[in-house]
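Q: Please read through the structure below; I'll follow up with questions.
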Amino acid sequence: MDLNQQLNNISLKQGEEDIYDLIVIGSGISGLATAHNLVNNNYKVKILEARSVYGGRISKNENLANFAVETGGEEIHLRKSAYFQLAQSMGAEIISEIKHSVYFIEHPEKEEMITEDDFFEQFPQYDIWEIAEKEYDQLSFDVSIKDYLEQKNIYQQCGKFYQNLLGTENGTLISKISWKGVQEYDKLVEKSDHSMITNMSHYDVITKAFGDVLHLIEYNSPVSKIDYSDQKLIKVTIKDGRIFQAKQALITVPISQLKNNSIEFVPALPQNKLDAIKTINFGTSGKLQYRFKERFWPENFNSIILWDHDFGMTWNSSICKDKSKSNILTTLLVEDVANKVEDEQVRKQLISTFLKKLAKLFKNEKIPELLEDHIYTGYSTKEYIEGGYTTPNLHWTKERKDLAEPLQNRLFFGGEATSILNHSTIHGAYESGLVQTENILLSNKK
Ligand SMILES: Cc1cc2nc3c(=O)[nH]c(=O)nc-3n(C[C@H](O)[C@H](O)[C@H](O)COP(=O)(O)OP(=O)(O)OC[C@H]3O[C@@H](n4cnc5c(N)ncnc54)[C@H](O)[C@@H]3O)c2cc1C
């Protein structure tokens, strides 16, 4: 055998060894969950991750406080979810109904706080759930929250408030959110279905749950091309030119990365997927988290929604932590404000205005002096995330189903954007990992 033949044989053997059953693109919770399940079903799996860390939009900061601060997903929004169970089985202690905790709203007419219950009792004209209940069947998915407030002639009075309440929570502007879509989701959850882990972070949960597949991750490996033109093998190219081959591939990247065409598909994706990618809205989010010298809020303070302020939604991240733990509040920011605070000077200015507001609301003028430190985690500037999470779309049709549909039983699509009712959440992303596990296993059943 001449040298060339010998080299050919060697590279063929290496080539064969490098053929995976499945390549998972993205090491967020959805990708890791599928990889873990399939490795347990004896699949040979490779995980390609663009960044130098796993977890994606689940991340923690261990420097701000004496507990791990959730800089990405924080609350578990659905008790009856597989993720809730997974977290518990990994040792998470979860406070499910945050007992006796109080949601406050800034009083619309005076600089005071009022409980959410009292607010809706005193101002029923602003209770759009109550108003919409009677019209639910006639309401179209195309009506945004902003449109709805305008139709009821209350946008001028409470538009900013609803931006702070529903816009912020849903990760975008109320002009882009389907009001009926929000109510569909509300039907699923029980009132106050907000849970917090007290003794560990979501990052710790996924580290523990999927620790067995972390060594399969190839970091700093952004996928730039997926060639599925060959009927047998899919060729996945990463930025440095290396090619990985597999029988099947699962794509879990944030939808921003499909919208910006940073991954070339050969052949191009079918029209219904392209339409879905275009239609599903991806918001912009970031979290400002502050450490204070002492707790100036009452023990039961859960969160506050401001009536007409840039920092509309702030909650108590220390609520499940005893007094020996740091005193942390978190403000969620979306769209323009989230982008604005990336600039440190602007951020300091806005924080100062915000603290003066809190001083008035909590009737404690010392509050601005109690701030010790803060961090901002912006996701719009994080390469390969570039946004926050998907939002309850206007023109709600079947786009998420189209996105989640397997292609030729070889290309699979997961991640929070593919979950029909639980999108934009940790438990929805996890659920998508379970759904795609099933799809892949079924596709290989003889
Ligand atoms: C500020 C903020 C607050 C949130 N708060 C909550 C909350 O309180 N409760 C809740 O339930 N949910 C919350 N979420 C949403 C939740 O965090 C996400 O829905 C969930 O973590 C998404 O998981 P995923 O696996 O779908 O995607 P991701 O976690 O985004 O994982 C996708 C991975 O793909 C990688 N990637 C991207 N491009 C490429 C490429 N070309 N090649 C290879 N890899 C690539 C990314 O780097 C990333 O690691 C929040 C999100 C944000 C941003």
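Letters A, B, ... mark the chains of the structure tokens in the order given; residue numbers begin at 1 per chain; ligand numbers begin at 1, in order shown.
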May I have a table of the residues of chain A lying at most 7 Å from ligand 1, giving each one's closest pair of atoms and their distance in Å to one decimal, counting only C-alpha atoms and all ligand atoms, ordered by chain and ascending residue number, as a Markdown table?

A:
| residue | atom | partner | partner_atom_place_in_ligand_line | distance |
| --- | --- | --- | --- | --- |
| A:Ile25 | CA | ligand 1 | 43 (C) | 4.9 |
| A:Gly26 | CA | ligand 1 | 34 (O) | 3.3 |
| A:Ser27 | CA | ligand 1 | 49 (O) | 4.7 |
| A:Gly28 | CA | ligand 1 | 31 (O) | 3.3 |
| A:Ile29 | CA | ligand 1 | 25 (O) | 4.2 |
| A:Ser30 | CA | ligand 1 | 25 (O) | 3.9 |
| A:Gly31 | CA | ligand 1 | 25 (O) | 5.7 |
| A:Leu48 | CA | ligand 1 | 43 (C) | 5.2 |
| A:Glu49 | CA | ligand 1 | 44 (N) | 3.9 |
| A:Ala50 | CA | ligand 1 | 44 (N) | 3.9 |
| A:Arg51 | CA | ligand 1 | 47 (O) | 5.0 |
| A:Tyr54 | CA | ligand 1 | 49 (O) | 5.6 |
| A:Gly55 | CA | ligand 1 | 29 (O) | 5.5 |
| A:Gly56 | CA | ligand 1 | 49 (O) | 3.3 |
| A:Arg57 | CA | ligand 1 | 29 (O) | 3.9 |
| A:Ile58 | CA | ligand 1 | 21 (O) | 4.8 |
| A:Thr71 | CA | ligand 1 | 1 (C) | 6.8 |
| A:Gly72 | CA | ligand 1 | 2 (C) | 4.4 |
| A:Gly73 | CA | ligand 1 | 6 (C) | 3.2 |
| A:Glu74 | CA | ligand 1 | 8 (O) | 3.7 |
| A:Glu75 | CA | ligand 1 | 8 (O) | 3.9 |
| A:Ile76 | CA | ligand 1 | 11 (O) | 5.0 |
| A:His77 | CA | ligand 1 | 11 (O) | 5.6 |
| A:Ser221 | CA | ligand 1 | 43 (C) | 6.0 |
| A:Pro222 | CA | ligand 1 | 42 (N) | 3.6 |
| A:Val223 | CA | ligand 1 | 42 (N) | 3.9 |
| A:Ser224 | CA | ligand 1 | 41 (N) | 5.9 |
| A:Thr252 | CA | ligand 1 | 32 (C) | 5.5 |
| A:Val253 | CA | ligand 1 | 34 (O) | 3.8 |
| A:Pro254 | CA | ligand 1 | 30 (O) | 4.9 |
| A:Gln257 | CA | ligand 1 | 38 (N) | 5.7 |
| A:Ser262 | CA | ligand 1 | 41 (N) | 6.6 |
| A:Ile263 | CA | ligand 1 | 41 (N) | 6.2 |
| A:Ser285 | CA | ligand 1 | 1 (C) | 4.9 |
| A:Gly286 | CA | ligand 1 | 1 (C) | 4.4 |
| A:Lys287 | CA | ligand 1 | 1 (C) | 5.4 |
| A:Leu332 | CA | ligand 1 | 1 (C) | 6.8 |
| A:Tyr379 | CA | ligand 1 | 53 (C) | 5.8 |
| A:Tyr384 | CA | ligand 1 | 37 (C) | 4.2 |
| A:Ile385 | CA | ligand 1 | 46 (C) | 5.8 |
| A:Gly388 | CA | ligand 1 | 53 (C) | 4.0 |
| A:Tyr389 | CA | ligand 1 | 51 (C) | 5.8 |
| A:Gly414 | CA | ligand 1 | 26 (O) | 6.9 |
| A:Gly415 | CA | ligand 1 | 26 (O) | 3.2 |
| A:Glu416 | CA | ligand 1 | 26 (O) | 4.0 |
| A:Ala417 | CA | ligand 1 | 26 (O) | 6.7 |
| A:His423 | CA | ligand 1 | 19 (O) | 6.6 |
| A:Ser424 | CA | ligand 1 | 19 (O) | 4.2 |
| A:Thr425 | CA | ligand 1 | 11 (O) | 3.3 |
| A:Ile426 | CA | ligand 1 | 11 (O) | 3.8 |
| A:His427 | CA | ligand 1 | 11 (O) | 5.7 |
| A:Gly428 | CA | ligand 1 | 19 (O) | 6.7 |
| A:Ala429 | CA | ligand 1 | 26 (O) | 4.5 |

Q: Assign secondary structure with DSSP using the backbone only, and return the residues of stretch 124-168 of chain A in helix (DSSP H, G or I) as an MDAnalysis selection string.

A: chainID A and resid 124:126 128:133 136:138 145:151 155:168

Q: Of the candidates A:Leu442, A:Ile304, A:Asp18, A:Leu250, which shows the shortest atom-to-atom distance to A:Lys357, using only C-alpha atoms?

A: A:Ile304

Q: To one decimal in Å, tell me the separation between atom CA of A:Asp212 and atom CA of A:His36.

A: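 The value is 7.1 Å.
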
Q: Counting only C-alpha atoms, which residue out of A:Ser352, A:Ile23, A:Leu214, A:Thr115 sits closest to A:Thr237?

A: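 Answer, going by the shortest atom-to-atom distance: A:Ile23.
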
Q: So, with only C-alpha atoms as the atoms that count, which of A:Tyr148, A:Lys273, A:Lys293, A:Tyr103 lies closest to A:Phe413?

A: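 Comparing A:Tyr148, A:Lys273, A:Lys293, A:Tyr103 against A:Phe413, the winner is A:Lys273.
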
Q: For A:Lys232, which of A:Glu438, A:Leu421, A:Asn409, A:Asp118 is the closest residue, counting only C-alpha atoms?

A: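 Once distances to A:Lys232 are computed over only C-alpha atoms, the minimum belongs to A:Asn409.
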
Q: Could you work out how far atom CA of A:Ile217 lies from atom CA of A:Ile238, giving the answer in Å with one decimal?

A: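 It comes out at 13.3 Å.
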
Q: Could you tell me which of A:Phe354, A:Phe244, A:Tyr126, A:Phe120 comes closest to A:Leu306 if we count only C-alpha atoms?

A: A:Phe354

Q: When you look at A:Phe301 with a cut-off of 7 Å (counting only C-alpha atoms), what residues show up, excluding the ones that are within fewer than 3 positions of it in the same chain? I need them as a list in words.

A: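 The neighbour list is Ser101, Val102, Tyr103, Trp297, Pro298 and Asn316 of chain A.
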
Q: Could you check which of A:Ala68, A:Leu173, A:Met200, A:Leu38 is closest to A:Ile328, using only C-alpha atoms?

A: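 Ranked by minimum distance to A:Ile328, first place goes to A:Ala68.
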
Q: Provide the atom CA of A:Tyr290 to atom CA of A:Glu335 distance in Å, to one decimal place.

A: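 We find that atom CA of A:Tyr290 and atom CA of A:Glu335 lie 20.2 Å from each other.
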
Q: Set the distance at 12 Å and use only C-alpha atoms: which residues neighbour A:Ile280 once local chain neighbours fewer than 5 positions away are removed? I'd like the list as a PyMOL selection string.

A: chain A and resi 176-178+254-256+258-259+273-275+389-403+416-420+423-424

Q: I need the residues of stretch 179-283 of chain A that end up classed as strand (DSSP E or B) by DSSP on the backbone, written out as a PDB file with N, CA and C atoms, in the first residue's frame.

A:
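Wrote part_18.pdb, looks like this:
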ATOM      1  N   SER A 195     -42.569  31.307  41.305  1.00  0.00           N
ATOM      2  CA  SER A 195     -41.787  30.573  42.299  1.00  0.00           C
ATOM      3  C   SER A 195     -40.326  30.964  42.209  1.00  0.00           C
ATOM      4  N   MET A 196     -39.680  30.915  43.361  1.00  0.00           N
ATOM      5  CA  MET A 196     -38.248  31.243  43.415  1.00  0.00           C
ATOM      6  C   MET A 196     -37.502  30.101  44.100  1.00  0.00           C
ATOM      7  N   ILE A 197     -36.308  29.842  43.604  1.00  0.00           N
ATOM      8  CA  ILE A 197     -35.448  28.858  44.275  1.00  0.00           C
ATOM      9  C   ILE A 197     -34.720  29.583  45.405  1.00  0.00           C
ATOM     10  N   ILE A 217     -19.310  19.583  25.060  1.00  0.00           N
ATOM     11  CA  ILE A 217     -19.465  20.916  24.455  1.00  0.00           C
ATOM     12  C   ILE A 217     -18.162  21.371  23.824  1.00  0.00           C
ATOM     13  N   GLU A 218     -18.252  21.829  22.594  1.00  0.00           N
ATOM     14  CA  GLU A 218     -17.125  22.477  21.906  1.00  0.00           C
ATOM     15  C   GLU A 218     -17.410  23.979  22.006  1.00  0.00           C
ATOM     16  N   VAL A 223     -21.734  28.139  14.915  1.00  0.00           N
ATOM     17  CA  VAL A 223     -22.083  27.449  13.666  1.00  0.00           C
ATOM     18  C   VAL A 223     -22.407  28.505  12.618  1.00  0.00           C
ATOM     19  N   SER A 224     -21.820  28.358  11.428  1.00  0.00           N
ATOM     20  CA  SER A 224     -22.092  29.339  10.372  1.00  0.00           C
ATOM     21  C   SER A 224     -22.832  28.718   9.190  1.00  0.00           C
ATOM     22  N   LYS A 225     -22.791  27.380   9.086  1.00  0.00           N
ATOM     23  CA  LYS A 225     -23.463  26.751   7.951  1.00  0.00           C
ATOM     24  C   LYS A 225     -23.961  25.353   8.329  1.00  0.00           C
ATOM     25  N   ILE A 226     -25.170  25.031   7.876  1.00  0.00           N
ATOM     26  CA  ILE A 226     -25.697  23.673   8.070  1.00  0.00           C
ATOM     27  C   ILE A 226     -26.093  23.159   6.696  1.00  0.00           C
ATOM     28  N   ASP A 227     -25.326  22.214   6.213  1.00  0.00           N
ATOM     29  CA  ASP A 227     -25.572  21.667   4.866  1.00  0.00           C
ATOM     30  C   ASP A 227     -26.242  20.300   5.027  1.00  0.00           C
ATOM     31  N   ILE A 234     -25.312  15.228   7.634  1.00  0.00           N
ATOM     32  CA  ILE A 234     -25.440  16.691   7.704  1.00  0.00           C
ATOM     33  C   ILE A 234     -24.052  17.238   8.019  1.00  0.00           C
ATOM     34  N   LYS A 235     -23.650  18.273   7.279  1.00  0.00           N
ATOM     35  CA  LYS A 235     -22.333  18.870   7.537  1.00  0.00           C
ATOM     36  C   LYS A 235     -22.543  20.216   8.224  1.00  0.00           C
ATOM     37  N   VAL A 236     -21.973  20.340   9.413  1.00  0.00           N
ATOM     38  CA  VAL A 236     -22.143  21.579  10.184  1.00  0.00           C
ATOM     39  C   VAL A 236     -20.789  22.283  10.250  1.00  0.00           C
ATOM     40  N   THR A 237     -20.735  23.491   9.699  1.00  0.00           N
ATOM     41  CA  THR A 237     -19.468  24.227   9.651  1.00  0.00           C
ATOM     42  C   THR A 237     -19.458  25.279  10.746  1.00  0.00           C
ATOM     43  N   ILE A 238     -18.326  25.387  11.450  1.00  0.00           N
ATOM     44  CA  ILE A 238     -18.221  26.459  12.447  1.00  0.00           C
ATOM     45  C   ILE A 238     -17.297  27.552  11.901  1.00  0.00           C
ATOM     46  N   ILE A 243     -15.442  21.324  10.079  1.00  0.00           N
ATOM     47  CA  ILE A 243     -16.744  20.743   9.735  1.00  0.00           C
ATOM     48  C   ILE A 243     -17.022  19.552  10.648  1.00  0.00           C
ATOM     49  N   PHE A 244     -18.219  19.514  11.208  1.00  0.00           N
ATOM     50  CA  PHE A 244     -18.662  18.375  12.022  1.00  0.00           C
ATOM     51  C   PHE A 244     -19.779  17.676  11.264  1.00  0.00           C
ATOM     52  N   GLN A 245     -19.765  16.346  11.315  1.00  0.00           N
ATOM     53  CA  GLN A 245     -20.775  15.609  10.556  1.00  0.00           C
ATOM     54  C   GLN A 245     -21.664  14.793  11.488  1.00  0.00           C
ATOM     55  N   ALA A 246     -22.947  14.753  11.143  1.00  0.00           N
ATOM     56  CA  ALA A 246     -23.881  13.988  11.987  1.00  0.00           C
ATOM     57  C   ALA A 246     -25.057  13.508  11.152  1.00  0.00           C
ATOM     58  N   LYS A 247     -25.742  12.516  11.723  1.00  0.00           N
ATOM     59  CA  LYS A 247     -26.936  12.013  11.027  1.00  0.00           C
ATOM     60  C   LYS A 247     -28.104  12.977  11.241  1.00  0.00           C
ATOM     61  N   GLN A 248     -28.124  13.613  12.412  1.00  0.00           N
ATOM     62  CA  GLN A 248     -29.221  14.530  12.721  1.00  0.00           C
ATOM     63  C   GLN A 248     -28.649  15.758  13.450  1.00  0.00           C
ATOM     64  N   ALA A 249     -29.381  16.857  13.369  1.00  0.00           N
ATOM     65  CA  ALA A 249     -28.920  18.064  14.079  1.00  0.00           C
ATOM     66  C   ALA A 249     -30.105  18.748  14.744  1.00  0.00           C
ATOM     67  N   LEU A 250     -29.832  19.317  15.920  1.00  0.00           N
ATOM     68  CA  LEU A 250     -30.868  20.061  16.652  1.00  0.00           C
ATOM     69  C   LEU A 250     -30.399  21.506  16.801  1.00  0.00           C
ATOM     70  N   ILE A 251     -31.241  22.426  16.373  1.00  0.00           N
ATOM     71  CA  ILE A 251     -30.876  23.849  16.422  1.00  0.00           C
ATOM     72  C   ILE A 251     -31.639  24.511  17.568  1.00  0.00           C
ATOM     73  N   GLU A 264     -26.116  29.801   7.610  1.00  0.00           N
ATOM     74  CA  GLU A 264     -26.596  29.531   6.240  1.00  0.00           C
ATOM     75  C   GLU A 264     -27.108  28.084   6.172  1.00  0.00           C
ATOM     76  N   PHE A 265     -28.294  27.901   5.658  1.00  0.00           N
ATOM     77  CA  PHE A 265     -28.835  26.541   5.507  1.00  0.00           C
ATOM     78  C   PHE A 265     -28.745  26.146   4.043  1.00  0.00           C
ATOM     79  N   VAL A 266     -28.223  24.946   3.775  1.00  0.00           N
ATOM     80  CA  VAL A 266     -28.137  24.430   2.404  1.00  0.00           C
ATOM     81  C   VAL A 266     -28.816  23.073   2.364  1.00  0.00           C
ATOM     82  N   PHE A 282     -38.843  38.965  18.739  1.00  0.00           N
ATOM     83  CA  PHE A 282     -37.833  38.741  19.776  1.00  0.00           C
ATOM     84  C   PHE A 282     -37.589  40.084  20.457  1.00  0.00           C
TER      85      PHE A 282
END

Q: Write out as a PyMOL selection string each polymer residue whose atoms come within 12 Å of A:Lys187, counting only C-alpha atoms; drop sequence neighbours fewer than 2 positions from it.

A: chain A and resi 78+129+133+136+180-185+189-191+193+421-422

Q: Counting only C-alpha atoms, what is within 6 Å of stretch 164-168 of chain A, bar same-chain residues fewer than 5 positions away, as a VMD selection string?

A: chain A and resid 173 to 174 312 to 313 334
